[in-house]
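data.pdb follows (PDB, C-alpha atoms):
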MODEL        1
ATOM      1  CA  MET A   1       0.000   0.000   0.000
ATOM      2  CA  SER A   2       1.323   3.425  -0.837
ATOM      3  CA  GLU A   3       2.173   5.907   1.893
ATOM      4  CA  LYS A   4      -0.633   8.107   0.718
ATOM      5  CA  THR A   5      -3.342   5.490   1.221
ATOM      6  CA  LYS A   6      -1.900   4.427   4.588
ATOM      7  CA  ASP A   7      -1.922   7.984   5.809
ATOM      8  CA  ALA A   8      -5.366   8.595   4.464
ATOM      9  CA  GLY A   9      -6.654   5.401   6.037
ATOM     10  CA  MET A  10      -7.626   4.318   2.527
ATOM     11  CA  ASN A  11      -9.956   7.261   2.124
ATOM     12  CA  VAL A  12     -10.437   6.552  -1.535
ATOM     13  CA  LYS A  13     -12.621   9.561  -2.064
ATOM     14  CA  GLN A  14      -9.542  11.734  -1.704
ATOM     15  CA  LEU A  15      -7.541   9.795  -4.262
ATOM     16  CA  LYS A  16      -7.164  10.805  -7.874
ATOM     17  CA  ASP A  17      -8.525   8.438 -10.515
ATOM     18  CA  GLU A  18      -5.041   7.450 -11.578
ATOM     19  CA  GLU A  19      -4.022   6.640  -7.989
ATOM     20  CA  ILE A  20      -7.024   4.356  -7.621
ATOM     21  CA  ILE A  21      -6.180   2.632 -10.887
ATOM     22  CA  GLY A  22      -2.623   2.105  -9.639
ATOM     23  CA  LEU A  23      -3.947   0.390  -6.505
ATOM     24  CA  ILE A  24      -6.296  -1.805  -8.517
ATOM     25  CA  VAL A  25      -3.771  -2.836 -11.131
ATOM     26  CA  LYS A  26      -0.568  -3.015  -9.080
ATOM     27  CA  GLU A  27      -1.902  -4.044  -5.674
ATOM     28  CA  GLY A  28      -4.954  -6.045  -6.720
ATOM     29  CA  LYS A  29      -7.425  -3.889  -4.794
ATOM     30  CA  SER A  30     -10.239  -4.555  -7.226
ATOM     31  CA  GLN A  31     -12.894  -3.413  -4.744
ATOM     32  CA  LEU A  32     -11.692   0.157  -5.281
ATOM     33  CA  PHE A  33     -13.239   0.105  -8.732
ATOM     34  CA  GLN A  34     -16.528   0.842  -6.975
ATOM     35  CA  GLU A  35     -15.242   4.366  -6.360
ATOM     36  CA  LEU A  36     -14.559   4.891 -10.078
ATOM     37  CA  TYR A  37     -17.984   3.446 -10.804
ATOM     38  CA  ASN A  38     -19.562   5.930  -8.383
ATOM     39  CA  ARG A  39     -17.669   8.821  -9.929
ATOM     40  CA  TYR A  40     -18.486   8.064 -13.540
ATOM     41  CA  HIS A  41     -21.567   5.927 -13.921
ATOM     42  CA  ARG A  42     -23.882   8.947 -14.245
ATOM     43  CA  LYS A  43     -21.723  10.532 -16.946
ATOM     44  CA  VAL A  44     -21.446   7.275 -18.850
ATOM     45  CA  TYR A  45     -25.213   6.807 -18.571
ATOM     46  CA  GLU A  46     -25.898  10.313 -19.893
ATOM     47  CA  LYS A  47     -23.540   9.869 -22.818
ATOM     48  CA  SER A  48     -25.044   6.490 -23.673
ATOM     49  CA  TYR A  49     -28.566   7.837 -23.374
ATOM     50  CA  SER A  50     -27.783  10.749 -25.681
ATOM     51  CA  PHE A  51     -27.084   8.210 -28.444
ATOM     52  CA  ILE A  52     -29.528   5.389 -27.870
ATOM     53  CA  LYS A  53     -32.451   7.332 -26.349
ATOM     54  CA  ASN A  54     -33.609   4.477 -24.161
ATOM     55  CA  GLY A  55     -33.229   4.615 -20.388
ATOM     56  CA  ASN A  56     -33.185   0.874 -19.684
ATOM     57  CA  GLN A  57     -30.768   0.218 -22.470
ATOM     58  CA  ALA A  58     -28.570   3.118 -21.361
ATOM     59  CA  SER A  59     -28.409   1.544 -17.873
ATOM     60  CA  ASP A  60     -27.355  -1.775 -19.381
ATOM     61  CA  PHE A  61     -24.817   0.016 -21.556
ATOM     62  CA  THR A  62     -23.415   1.830 -18.526
ATOM     63  CA  ASN A  63     -22.778  -1.466 -16.760
ATOM     64  CA  ASP A  64     -21.325  -3.039 -19.894
ATOM     65  CA  ILE A  65     -19.042  -0.056 -20.538
ATOM     66  CA  LEU A  66     -17.779   0.110 -16.971
ATOM     67  CA  SER A  67     -17.192  -3.658 -16.977
ATOM     68  CA  LYS A  68     -15.270  -3.305 -20.207
ATOM     69  CA  ALA A  69     -13.250  -0.450 -18.690
ATOM     70  CA  TYR A  70     -12.427  -2.615 -15.662
ATOM     71  CA  GLU A  71     -11.180  -5.418 -17.891
ATOM     72  CA  LYS A  72      -9.067  -2.979 -19.881
ATOM     73  CA  LEU A  73      -7.607  -1.207 -16.836
ATOM     74  CA  PRO A  74      -4.210  -2.949 -17.079
ATOM     75  CA  GLY A  75      -3.906  -1.403 -20.543
ATOM     76  CA  PHE A  76      -4.569   2.118 -19.257
ATOM     77  CA  LYS A  77      -1.248   3.875 -19.719
ATOM     78  CA  GLY A  78      -2.139   7.227 -18.228
ATOM     79  CA  ASN A  79      -1.250   9.136 -21.395
ATOM     80  CA  ALA A  80      -4.681  10.738 -21.180
ATOM     81  CA  SER A  81      -6.949  11.224 -18.201
ATOM     82  CA  PHE A  82      -9.010   8.278 -17.037
ATOM     83  CA  SER A  83     -12.208  10.162 -17.888
ATOM     84  CA  SER A  84     -11.117  10.726 -21.513
ATOM     85  CA  TRP A  85     -10.128   7.085 -21.778
ATOM     86  CA  LEU A  86     -13.449   5.942 -20.314
ATOM     87  CA  TYR A  87     -15.471   8.257 -22.553
ATOM     88  CA  ALA A  88     -13.628   6.946 -25.622
ATOM     89  CA  ILE A  89     -14.771   3.438 -24.619
ATOM     90  CA  THR A  90     -18.303   4.809 -24.133
ATOM     91  CA  TYR A  91     -18.489   6.391 -27.597
ATOM     92  CA  ASN A  92     -16.966   3.299 -29.188
ATOM     93  CA  HIS A  93     -19.561   1.064 -27.490
ATOM     94  CA  CYS A  94     -22.498   3.260 -28.532
ATOM     95  CA  ILE A  95     -21.376   3.824 -32.113
ATOM     96  CA  ASP A  96     -20.542   0.147 -32.617
ATOM     97  CA  TYR A  97     -24.026  -0.726 -31.361
ATOM     98  CA  LEU A  98     -25.665   1.774 -33.711
ATOM     99  CA  ARG A  99     -23.568   0.568 -36.636
ATOM    100  CA  LEU A 100     -24.473  -3.061 -35.974
ATOM    101  CA  LYS A 101     -28.055  -2.944 -34.732
ATOM    102  CA  LYS A 102     -29.392   0.190 -36.330
ATOM    103  CA  LYS A 103     -27.499  -0.286 -39.574
ATOM    104  CA  LEU A 104     -25.987   3.122 -39.169
ATOM    105  CA  HIS A 105     -24.103   3.927 -42.362
ATOM    106  CA  TYR A 106     -22.338   7.268 -42.437
ATOM    107  CA  PRO A 107     -21.341   7.334 -46.159
ATOM    108  CA  ASN A 108     -24.939   6.707 -47.280
ATOM    109  CA  TRP A 109     -26.304   9.253 -44.840
ATOM    110  CA  ASN A 110     -23.709  11.801 -45.933
ATOM    111  CA  ASN A 111     -24.698  11.275 -49.575
ATOM    112  CA  GLN A 112     -28.353  11.732 -48.762
ATOM    113  CA  HIS A 113     -27.668  14.828 -46.669
ATOM    114  CA  GLU A 114     -25.239  16.579 -48.943
ATOM    115  CA  LEU A 115     -24.645  20.146 -47.863
ATOM    116  CA  PRO A 116     -26.167  22.399 -50.516
ATOM    117  CA  ASP A 117     -23.748  25.137 -49.628
ATOM    118  CA  ILE A 118     -20.588  25.574 -47.601
ATOM    119  CA  VAL A 119     -21.331  28.608 -45.482
ATOM    120  CA  ASP A 120     -18.549  31.161 -45.219
ATOM    121  CA  GLU A 121     -17.968  31.188 -41.468
ATOM    122  CA  SER A 122     -16.387  34.621 -41.555
ATOM    123  CA  GLU A 123     -19.696  36.031 -42.746
ATOM    124  CA  THR A 124     -21.814  34.188 -40.232
ATOM    125  CA  GLN A 125     -22.881  35.740 -36.974
ATOM    126  CA  LEU A 126     -22.876  32.943 -34.461
ATOM    127  CA  GLN A 127     -22.645  34.918 -31.253
ATOM    128  CA  ASP A 128     -26.393  34.719 -30.741
ATOM    129  CA  MET A 129     -26.545  30.983 -31.017
ATOM    130  CA  THR A 130     -27.953  29.439 -27.867
ATOM    131  CA  TYR A 131     -26.892  26.235 -26.245
ATOM    132  CA  GLU A 132     -30.458  24.924 -26.543
ATOM    133  CA  ASN A 133     -30.486  25.475 -30.303
ATOM    134  CA  LEU A 134     -27.080  23.875 -30.635
ATOM    135  CA  MET A 135     -28.353  20.797 -28.804
ATOM    136  CA  LYS A 136     -31.349  20.616 -31.150
ATOM    137  CA  ILE A 137     -29.002  20.745 -34.117
ATOM    138  CA  MET A 138     -26.816  18.033 -32.591
ATOM    139  CA  GLU A 139     -29.859  15.761 -32.764
ATOM    140  CA  MET A 140     -30.281  16.525 -36.469
ATOM    141  CA  ILE A 141     -26.807  15.451 -37.529
ATOM    142  CA  HIS A 142     -25.536  11.899 -37.897
ATOM    143  CA  PRO A 143     -24.624  10.189 -34.590
ATOM    144  CA  GLU A 144     -21.043   9.715 -35.796
ATOM    145  CA  GLU A 145     -20.718  13.449 -36.452
ATOM    146  CA  LYS A 146     -22.291  14.170 -33.082
ATOM    147  CA  ALA A 147     -19.857  11.778 -31.400
ATOM    148  CA  LEU A 148     -16.928  13.454 -33.165
ATOM    149  CA  LEU A 149     -17.954  16.911 -31.995
ATOM    150  CA  LEU A 150     -18.576  15.790 -28.420
ATOM    151  CA  MET A 151     -15.304  13.889 -28.219
ATOM    152  CA  LYS A 152     -13.290  16.779 -29.587
ATOM    153  CA  TYR A 153     -14.950  19.850 -28.128
ATOM    154  CA  GLN A 154     -16.678  18.574 -24.992
ATOM    155  CA  ASP A 155     -14.392  15.835 -23.729
ATOM    156  CA  GLY A 156     -11.098  17.035 -25.197
ATOM    157  CA  LEU A 157     -10.078  13.686 -26.682
ATOM    158  CA  SER A 158      -7.058  13.647 -28.978
ATOM    159  CA  GLY A 159      -7.337  12.872 -32.684
ATOM    160  CA  LYS A 160      -5.755   9.497 -32.020
ATOM    161  CA  GLN A 161      -8.267   8.633 -29.283
ATOM    162  CA  ILE A 162     -11.169   9.694 -31.493
ATOM    163  CA  ALA A 163      -9.789   7.644 -34.380
ATOM    164  CA  GLN A 164      -9.531   4.570 -32.167
ATOM    165  CA  ALA A 165     -13.001   5.053 -30.700
ATOM    166  CA  LEU A 166     -14.679   5.408 -34.088
ATOM    167  CA  ARG A 167     -12.310   3.051 -35.893
ATOM    168  CA  ILE A 168     -11.391   5.523 -38.588
ATOM    169  CA  SER A 169      -8.019   7.059 -39.482
ATOM    170  CA  GLU A 170      -6.723  10.260 -37.890
ATOM    171  CA  ASP A 171      -6.967  12.071 -41.229
ATOM    172  CA  ALA A 172     -10.578  10.937 -41.552
ATOM    173  CA  VAL A 173     -11.191  12.356 -38.065
ATOM    174  CA  LYS A 174      -9.908  15.761 -39.199
ATOM    175  CA  MET A 175     -11.977  15.743 -42.386
ATOM    176  CA  ARG A 176     -15.163  14.565 -40.716
ATOM    177  CA  LEU A 177     -14.796  16.990 -37.845
ATOM    178  CA  LYS A 178     -14.541  19.791 -40.352
ATOM    179  CA  ARG A 179     -17.665  18.578 -42.128
ATOM    180  CA  ALA A 180     -19.544  18.146 -38.846
ATOM    181  CA  ARG A 181     -18.817  21.738 -37.797
ATOM    182  CA  THR A 182     -19.743  22.985 -41.252
ATOM    183  CA  ARG A 183     -23.035  21.096 -41.098
ATOM    184  CA  VAL A 184     -23.867  22.496 -37.658
ATOM    185  CA  ILE A 185     -23.261  26.031 -38.906
ATOM    186  CA  TYR A 186     -25.259  25.421 -42.078
ATOM    187  CA  LEU A 187     -28.185  23.981 -40.115
ATOM    188  CA  TYR A 188     -28.070  26.842 -37.667
ATOM    189  CA  ASN A 189     -28.280  29.369 -40.490
ATOM    190  CA  ASP A 190     -30.998  27.376 -42.185
ATOM    191  CA  ARG A 191     -33.200  26.747 -39.146
ATOM    192  CA  TYR A 192     -32.687  29.577 -36.740
ATOM    193  CA  LYS A 193     -31.135  32.562 -38.451
ATOM    194  CA  GLU A 194     -34.373  33.529 -40.172
ATOM    195  CA  GLU A 195     -36.204  33.558 -36.856
ATOM    196  CA  GLU A 196     -33.950  36.213 -35.337
TER     197      GLU A 196
ATOM    198  CA  MET B   1     -19.601  20.314 -18.896
ATOM    199  CA  GLU B   2     -18.682  23.907 -19.333
ATOM    200  CA  THR B   3     -21.542  24.828 -21.573
ATOM    201  CA  LYS B   4     -20.166  28.137 -22.786
ATOM    202  CA  ASN B   5     -16.798  26.625 -23.604
ATOM    203  CA  PHE B   6     -18.364  23.828 -25.586
ATOM    204  CA  LEU B   7     -20.503  26.261 -27.532
ATOM    205  CA  ALA B   8     -17.544  28.537 -28.230
ATOM    206  CA  LYS B   9     -15.270  25.682 -29.283
ATOM    207  CA  ILE B  10     -17.765  24.022 -31.555
ATOM    208  CA  LEU B  11     -18.625  27.278 -33.286
ATOM    209  CA  GLY B  12     -15.168  28.766 -33.287
ATOM    210  CA  GLY B  13     -13.216  25.681 -34.287
ATOM    211  CA  THR B  14      -9.471  25.733 -33.838
ATOM    212  CA  LYS B  15      -7.811  29.091 -33.440
ATOM    213  CA  ALA B  16      -4.084  28.627 -33.775
ATOM    214  CA  SER B  17      -1.687  31.503 -33.298
ATOM    215  CA  GLY B  18       1.776  32.157 -34.646
ATOM    216  CA  ILE B  19       1.061  30.812 -38.113
ATOM    217  CA  PRO B  20       4.098  31.702 -40.246
ATOM    218  CA  LYS B  21       3.504  34.228 -43.008
ATOM    219  CA  ALA B  22       5.212  31.951 -45.511
ATOM    220  CA  ALA B  23       2.766  29.137 -44.764
ATOM    221  CA  LYS B  24      -0.202  31.461 -45.181
ATOM    222  CA  GLN B  25       1.255  32.763 -48.409
ATOM    223  CA  THR B  26       1.643  29.236 -49.793
ATOM    224  CA  LEU B  27      -1.973  28.479 -49.010
ATOM    225  CA  ALA B  28      -3.175  31.677 -50.663
ATOM    226  CA  THR B  29      -1.140  31.225 -53.816
ATOM    227  CA  THR B  30      -1.616  27.477 -54.262
ATOM    228  CA  PHE B  31      -5.364  27.241 -53.819
ATOM    229  CA  ASN B  32      -8.161  29.130 -55.446
ATOM    230  CA  SER B  33     -10.225  30.806 -52.719
ATOM    231  CA  PRO B  34      -9.800  28.371 -49.827
ATOM    232  CA  LEU B  35     -12.832  28.687 -47.561
ATOM    233  CA  ASN B  36     -13.129  28.384 -43.769
ATOM    234  CA  THR B  37      -9.443  27.712 -43.168
ATOM    235  CA  GLU B  38      -8.386  26.387 -39.768
ATOM    236  CA  TRP B  39      -4.726  26.050 -38.855
ATOM    237  CA  ASN B  40      -3.105  23.561 -36.503
ATOM    238  CA  GLN B  41       0.507  23.086 -35.578
ATOM    239  CA  ALA B  42       1.691  19.563 -36.427
ATOM    240  CA  GLY B  43       5.145  19.028 -34.942
ATOM    241  CA  ASP B  44       7.436  21.507 -36.685
ATOM    242  CA  ASP B  45       4.968  21.937 -39.553
ATOM    243  CA  TRP B  46       1.532  23.449 -39.967
ATOM    244  CA  GLU B  47      -1.695  21.932 -41.174
ATOM    245  CA  ALA B  48      -4.434  23.939 -42.803
ATOM    246  CA  ILE B  49      -7.861  22.404 -43.261
ATOM    247  CA  PHE B  50     -10.216  24.201 -45.587
ATOM    248  CA  TYR B  51     -12.746  23.832 -48.382
ATOM    249  CA  VAL B  52     -12.168  24.062 -52.106
ATOM    250  CA  ASN B  53     -15.026  23.032 -54.411
ATOM    251  CA  GLU B  54     -16.954  21.925 -51.320
ATOM    252  CA  MET B  55     -14.387  19.237 -50.511
ATOM    253  CA  GLU B  56     -12.285  19.181 -47.369
ATOM    254  CA  HIS B  57      -8.599  19.793 -48.101
ATOM    255  CA  LEU B  58      -5.791  19.228 -45.614
ATOM    256  CA  ALA B  59      -2.480  20.838 -46.548
ATOM    257  CA  ARG B  60       0.703  20.206 -44.571
ATOM    258  CA  ILE B  61       3.071  23.116 -44.940
ATOM    259  CA  GLN B  62       6.524  23.775 -43.524
ATOM    260  CA  SER B  63       7.185  26.986 -41.615
ATOM    261  CA  ASP B  64       9.229  28.210 -44.580
ATOM    262  CA  GLY B  65       6.206  27.775 -46.840
ATOM    263  CA  LYS B  66       7.086  24.503 -48.549
ATOM    264  CA  LEU B  67       3.968  22.464 -49.290
ATOM    265  CA  LEU B  68       4.674  18.924 -48.074
ATOM    266  CA  SER B  69       1.422  17.149 -48.840
ATOM    267  CA  LEU B  70      -2.178  17.699 -49.749
ATOM    268  CA  LYS B  71      -5.020  15.404 -48.750
ATOM    269  CA  ILE B  72      -8.512  15.724 -50.165
ATOM    270  CA  ASN B  73     -11.594  14.064 -48.757
ATOM    271  CA  LEU B  74     -13.138  12.396 -51.801
ATOM    272  CA  PRO B  75     -16.853  11.780 -52.165
ATOM    273  CA  LEU B  76     -17.100   8.036 -52.730
ATOM    274  CA  THR B  77     -18.679   8.653 -56.132
ATOM    275  CA  GLN B  78     -15.437  10.333 -57.235
ATOM    276  CA  VAL B  79     -13.113   7.491 -56.332
ATOM    277  CA  PRO B  80     -11.482   6.251 -59.577
ATOM    278  CA  ASP B  81     -12.797   2.945 -60.925
ATOM    279  CA  LYS B  82      -9.288   1.471 -60.779
ATOM    280  CA  ILE B  83      -9.219   2.007 -57.019
ATOM    281  CA  LYS B  84     -12.766   0.748 -56.491
ATOM    282  CA  LYS B  85     -11.964  -2.379 -58.471
ATOM    283  CA  ALA B  86      -8.821  -3.012 -56.432
ATOM    284  CA  ILE B  87     -10.785  -3.261 -53.193
ATOM    285  CA  GLU B  88     -14.061  -4.749 -54.350
ATOM    286  CA  ASN B  89     -13.262  -8.144 -52.846
ATOM    287  CA  LEU B  90     -11.878  -6.711 -49.633
ATOM    288  CA  GLY B  91     -14.946  -4.922 -48.339
ATOM    289  CA  GLU B  92     -17.248  -1.953 -48.598
ATOM    290  CA  LEU B  93     -15.679   1.451 -49.034
ATOM    291  CA  MET B  94     -16.478   3.761 -46.104
ATOM    292  CA  ASN B  95     -14.068   6.660 -46.569
ATOM    293  CA  ALA B  96     -11.596   7.842 -49.188
ATOM    294  CA  ILE B  97      -8.842  10.428 -49.028
ATOM    295  CA  VAL B  98      -6.544  11.147 -51.936
ATOM    296  CA  VAL B  99      -2.989  12.062 -50.940
ATOM    297  CA  LYS B 100      -0.745  14.166 -53.163
ATOM    298  CA  GLN B 101       2.847  14.194 -52.036
ATOM    299  CA  GLN B 102       5.507  15.575 -54.355
ATOM    300  CA  GLN B 103       4.786  13.712 -57.597
ATOM    301  CA  THR B 104       3.011  10.738 -56.064
ATOM    302  CA  LEU B 105      -0.669  10.100 -55.694
ATOM    303  CA  MET B 106      -2.016   7.647 -53.128
ATOM    304  CA  TYR B 107      -5.372   6.746 -51.667
ATOM    305  CA  GLN B 108      -6.111   6.305 -47.968
ATOM    306  CA  LEU B 109      -9.226   4.192 -47.691
ATOM    307  CA  ILE B 110     -11.358   2.822 -44.896
ATOM    308  CA  ILE B 111     -13.266  -0.320 -45.741
ATOM    309  CA  ARG B 112     -15.403  -2.698 -43.737
ATOM    310  CA  ASN B 113     -15.977  -6.360 -44.384
ATOM    311  CA  GLN B 114     -19.127  -8.422 -43.895
ATOM    312  CA  LYS B 115     -18.320  -8.902 -40.213
ATOM    313  CA  LEU B 116     -18.207  -5.082 -39.946
ATOM    314  CA  GLU B 117     -14.487  -5.205 -39.194
ATOM    315  CA  ARG B 118     -12.869  -2.025 -40.430
ATOM    316  CA  PHE B 119      -9.513  -1.680 -42.142
ATOM    317  CA  PHE B 120      -7.269   1.170 -43.173
ATOM    318  CA  LEU B 121      -5.760   0.707 -46.634
ATOM    319  CA  LEU B 122      -3.128   2.713 -48.455
ATOM    320  CA  LEU B 123      -3.145   2.216 -52.220
ATOM    321  CA  ASP B 124      -0.946   3.649 -54.936
ATOM    322  CA  SER B 125      -2.480   5.300 -57.969
ATOM    323  CA  GLU B 126      -2.564   1.963 -59.806
ATOM    324  CA  GLY B 127      -4.576   0.316 -57.062
ATOM    325  CA  GLU B 128      -1.827  -1.702 -55.461
ATOM    326  CA  VAL B 129      -2.298  -2.109 -51.707
ATOM    327  CA  LEU B 130       0.754  -0.699 -49.944
ATOM    328  CA  GLU B 131      -0.519  -0.939 -46.376
ATOM    329  CA  LYS B 132      -3.382  -2.684 -44.638
ATOM    330  CA  GLU B 133      -4.191  -2.290 -40.970
ATOM    331  CA  LYS B 134      -7.160  -3.372 -38.870
ATOM    332  CA  LEU B 135      -8.803  -0.431 -37.138
TER     333      LEU B 135
ENDMDL
END
Let me see whether you can do it: turn the structure in this file into structure tokens.
Amino acid sequence: MSEKTKDAGMNVKQLKDEEIIGLIVKEGKSQLFQELYNRYHRKVYEKSYSFIKNGNQASDFTNDILSKAYEKLPGFKGNASFSSWLYAITYNHCIDYLRLKKKLHYPNWNNQHELPDIVDESETQLQDMTYENLMKIMEMIHPEEKALLLMKYQDGLSGKQIAQALRISEDAVKMRLKRARTRVIYLYNDRYKEEE
Amino acid sequence: METKNFLAKILGGTKASGIPKAAKQTLATTFNSPLNTEWNQAGDDWEAIFYVNEMEHLARIQSDGKLLSLKINLPLTQVPDKIKKAIENLGELMNAIVVKQQQTLMYQLIIRNQKLERFFLLLDSEGEVLEKEKL
């Protein structure tokens, strides 16, 4: 046991995620995973729910994802934060499910939803855009584009992590992120700009 | 989540600073009206991602302005028949990027097989597979 945990009387709530992982992996204290579960199960549930829109299924997904994370813990290298690593597993699980069960097919969808126009961002006033409207638009785009935007701009995942989670190349991540942002801006102009 | 930050980031994209003049100049002179350019530092080089003819372009440029490579996100309908034929028995095409580097032309593809396993492929302009990696 490390000096820190001895001194703290194993007060796991005061430990950082990475310290807990160290105790689980190096000292076999698997029961400490409960603390990581408590810290993250709500977030994982919310992320899962935002893709599959079913509460019961999102609960099952949360358990599956956290179980998967536990199994993969020895492979956690600490290059990124535990939360980023866990969220990458979450997005991968949800997108794989949608690809398999819902026959999600980004190239077909992209063809059918071709952008009629690439909006010049320098001529677009986006300051008035509200978070609520942005969230509505996020539901109008393809789940893979939504996942890309959330991973990059909400959770701060690296291009490499995003590529691994979505099983695409890093260059494809860059291209699709660009398209996703362009689509959000186009949809905003199309749906909400006229109302202002 | 920091709501305001998320909103600002998603709308603002990447805002790099310190982009060398020479790199900007190369972009302006090489491409006809690049639209919505975002710059990122990539090691010692710079990457600009932008639109030309409604296709995403990714140019890697040295600080001194030398264009190292250009990658273009190809609509799948524009992938040459030679390339499509080369992979038709390997799986379904999911993504295609054409890479122009010096005088060479290559294709970075993502395909998936019937088991929905996904692979990264690098092909030369004749359709020969140079690299294959499971994603």
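For the pair atom CA of B:Tyr51 and atom CA of B:Ser69, the separation is 15.7 Å.
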For this session: Please identify all polymer residues within 12 Å of A:Ser81, counting only C-alpha atoms, omitting same-chain residues fewer than 6 positions from it, and present them as a PyMOL selection string.
Result: chain A and resi 16-19+21+87-88+155-158+161
Exercise. For chain B, which residues have at least one atom within 6 Å of chain A, if we go by only C-alpha atoms? Write them as JSON, numbers by chain, please.
Worked result: {"B": [6, 9, 135]}
Exercise. Care to translate the PyMOL selection byres ((chain B and resi 52-67) around 8) into actual residues of this file, as a PyMOL selection string?
Worked result: (chain A and resi 117-118+175+178-179) or (chain B and resi 20-26+31-35+44-51+68-74)
Hits from the PyMOL selection byres ((chain B and resi 104-118) around 9), listed as a tab-separated table (two decimals) with C-alpha atoms, keeping the file's coordinate frame:
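Generated output (part.tsv):
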chain	number	residue	atom	x	y	z
A	99	ARG	CA	-23.57	0.57	-36.64
A	100	LEU	CA	-24.47	-3.06	-35.97
A	167	ARG	CA	-12.31	3.05	-35.89
A	168	ILE	CA	-11.39	5.52	-38.59
A	169	SER	CA	-8.02	7.06	-39.48
A	171	ASP	CA	-6.97	12.07	-41.23
A	172	ALA	CA	-10.58	10.94	-41.55
B	83	ILE	CA	-9.22	2.01	-57.02
B	87	ILE	CA	-10.78	-3.26	-53.19
B	90	LEU	CA	-11.88	-6.71	-49.63
B	91	GLY	CA	-14.95	-4.92	-48.34
B	92	GLU	CA	-17.25	-1.95	-48.60
B	93	LEU	CA	-15.68	1.45	-49.03
B	94	MET	CA	-16.48	3.76	-46.10
B	95	ASN	CA	-14.07	6.66	-46.57
B	96	ALA	CA	-11.60	7.84	-49.19
B	97	ILE	CA	-8.84	10.43	-49.03
B	98	VAL	CA	-6.54	11.15	-51.94
B	99	VAL	CA	-2.99	12.06	-50.94
B	100	LYS	CA	-0.74	14.17	-53.16
B	101	GLN	CA	2.85	14.19	-52.04
B	102	GLN	CA	5.51	15.58	-54.36
B	103	GLN	CA	4.79	13.71	-57.60
B	119	PHE	CA	-9.51	-1.68	-42.14
B	120	PHE	CA	-7.27	1.17	-43.17
B	121	LEU	CA	-5.76	0.71	-46.63
B	122	LEU	CA	-3.13	2.71	-48.46
B	123	LEU	CA	-3.14	2.22	-52.22
B	124	ASP	CA	-0.95	3.65	-54.94
B	125	SER	CA	-2.48	5.30	-57.97
B	126	GLU	CA	-2.56	1.96	-59.81
B	127	GLY	CA	-4.58	0.32	-57.06
B	133	GLU	CA	-4.19	-2.29	-40.97
B	134	LYS	CA	-7.16	-3.37	-38.87
B	135	LEU	CA	-8.80	-0.43	-37.14
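Atom CA of A:Thr124 is found 9.6 Å from atom CA of A:Tyr186.
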Seminar exercise, completed: note - atom CA of A:Phe82 and atom CA of A:Lys43 are separated by 12.9 Å
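Run against this file, the PyMOL selection byres ((chain A and resi 32) around 12) gives back Thr5, Met10, Asn11, Val12, Lys13, Leu15, Lys16, Asp17, Glu18, Glu19, Ile20, Ile21, Gly22, Leu23, Ile24, Val25, Glu27, Gly28, Lys29, Ser30, Gln31, Phe33, Gln34, Glu35, Leu36, Tyr37, Asn38, Arg39 and Tyr70 of chain A.
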Output C-alpha atoms of each residue in that selection to a file, as a PDB file, in the coordinates of the input.
ATOM      1  CA  THR A   5      -3.342   5.490   1.221  1.00  0.00           C
ATOM      2  CA  MET A  10      -7.626   4.318   2.527  1.00  0.00           C
ATOM      3  CA  ASN A  11      -9.956   7.261   2.124  1.00  0.00           C
ATOM      4  CA  VAL A  12     -10.437   6.552  -1.535  1.00  0.00           C
ATOM      5  CA  LYS A  13     -12.621   9.561  -2.064  1.00  0.00           C
ATOM      6  CA  LEU A  15      -7.541   9.795  -4.262  1.00  0.00           C
ATOM      7  CA  LYS A  16      -7.164  10.805  -7.874  1.00  0.00           C
ATOM      8  CA  ASP A  17      -8.525   8.438 -10.515  1.00  0.00           C
ATOM      9  CA  GLU A  18      -5.041   7.450 -11.578  1.00  0.00           C
ATOM     10  CA  GLU A  19      -4.022   6.640  -7.989  1.00  0.00           C
ATOM     11  CA  ILE A  20      -7.024   4.356  -7.621  1.00  0.00           C
ATOM     12  CA  ILE A  21      -6.180   2.632 -10.887  1.00  0.00           C
ATOM     13  CA  GLY A  22      -2.623   2.105  -9.639  1.00  0.00           C
ATOM     14  CA  LEU A  23      -3.947   0.390  -6.505  1.00  0.00           C
ATOM     15  CA  ILE A  24      -6.296  -1.805  -8.517  1.00  0.00           C
ATOM     16  CA  VAL A  25      -3.771  -2.836 -11.131  1.00  0.00           C
ATOM     17  CA  GLU A  27      -1.902  -4.044  -5.674  1.00  0.00           C
ATOM     18  CA  GLY A  28      -4.954  -6.045  -6.720  1.00  0.00           C
ATOM     19  CA  LYS A  29      -7.425  -3.889  -4.794  1.00  0.00           C
ATOM     20  CA  SER A  30     -10.239  -4.555  -7.226  1.00  0.00           C
ATOM     21  CA  GLN A  31     -12.894  -3.413  -4.744  1.00  0.00           C
ATOM     22  CA  PHE A  33     -13.239   0.105  -8.732  1.00  0.00           C
ATOM     23  CA  GLN A  34     -16.528   0.842  -6.975  1.00  0.00           C
ATOM     24  CA  GLU A  35     -15.242   4.366  -6.360  1.00  0.00           C
ATOM     25  CA  LEU A  36     -14.559   4.891 -10.078  1.00  0.00           C
ATOM     26  CA  TYR A  37     -17.984   3.446 -10.804  1.00  0.00           C
ATOM     27  CA  ASN A  38     -19.562   5.930  -8.383  1.00  0.00           C
ATOM     28  CA  ARG A  39     -17.669   8.821  -9.929  1.00  0.00           C
ATOM     29  CA  TYR A  70     -12.427  -2.615 -15.662  1.00  0.00           C
TER      30      TYR A  70
END
Keeping C-alpha atoms (and nothing else), can you write stretch 178-186 of chain A of this structure as a CSV table (one decimal), in the first residue's frame?
chain,number,residue,atom,x,y,z
A,178,LYS,CA,-14.5,19.8,-40.4
A,179,ARG,CA,-17.7,18.6,-42.1
A,180,ALA,CA,-19.5,18.1,-38.8
A,181,ARG,CA,-18.8,21.7,-37.8
A,182,THR,CA,-19.7,23.0,-41.3
A,183,ARG,CA,-23.0,21.1,-41.1
A,184,VAL,CA,-23.9,22.5,-37.7
A,185,ILE,CA,-23.3,26.0,-38.9
A,186,TYR,CA,-25.3,25.4,-42.1
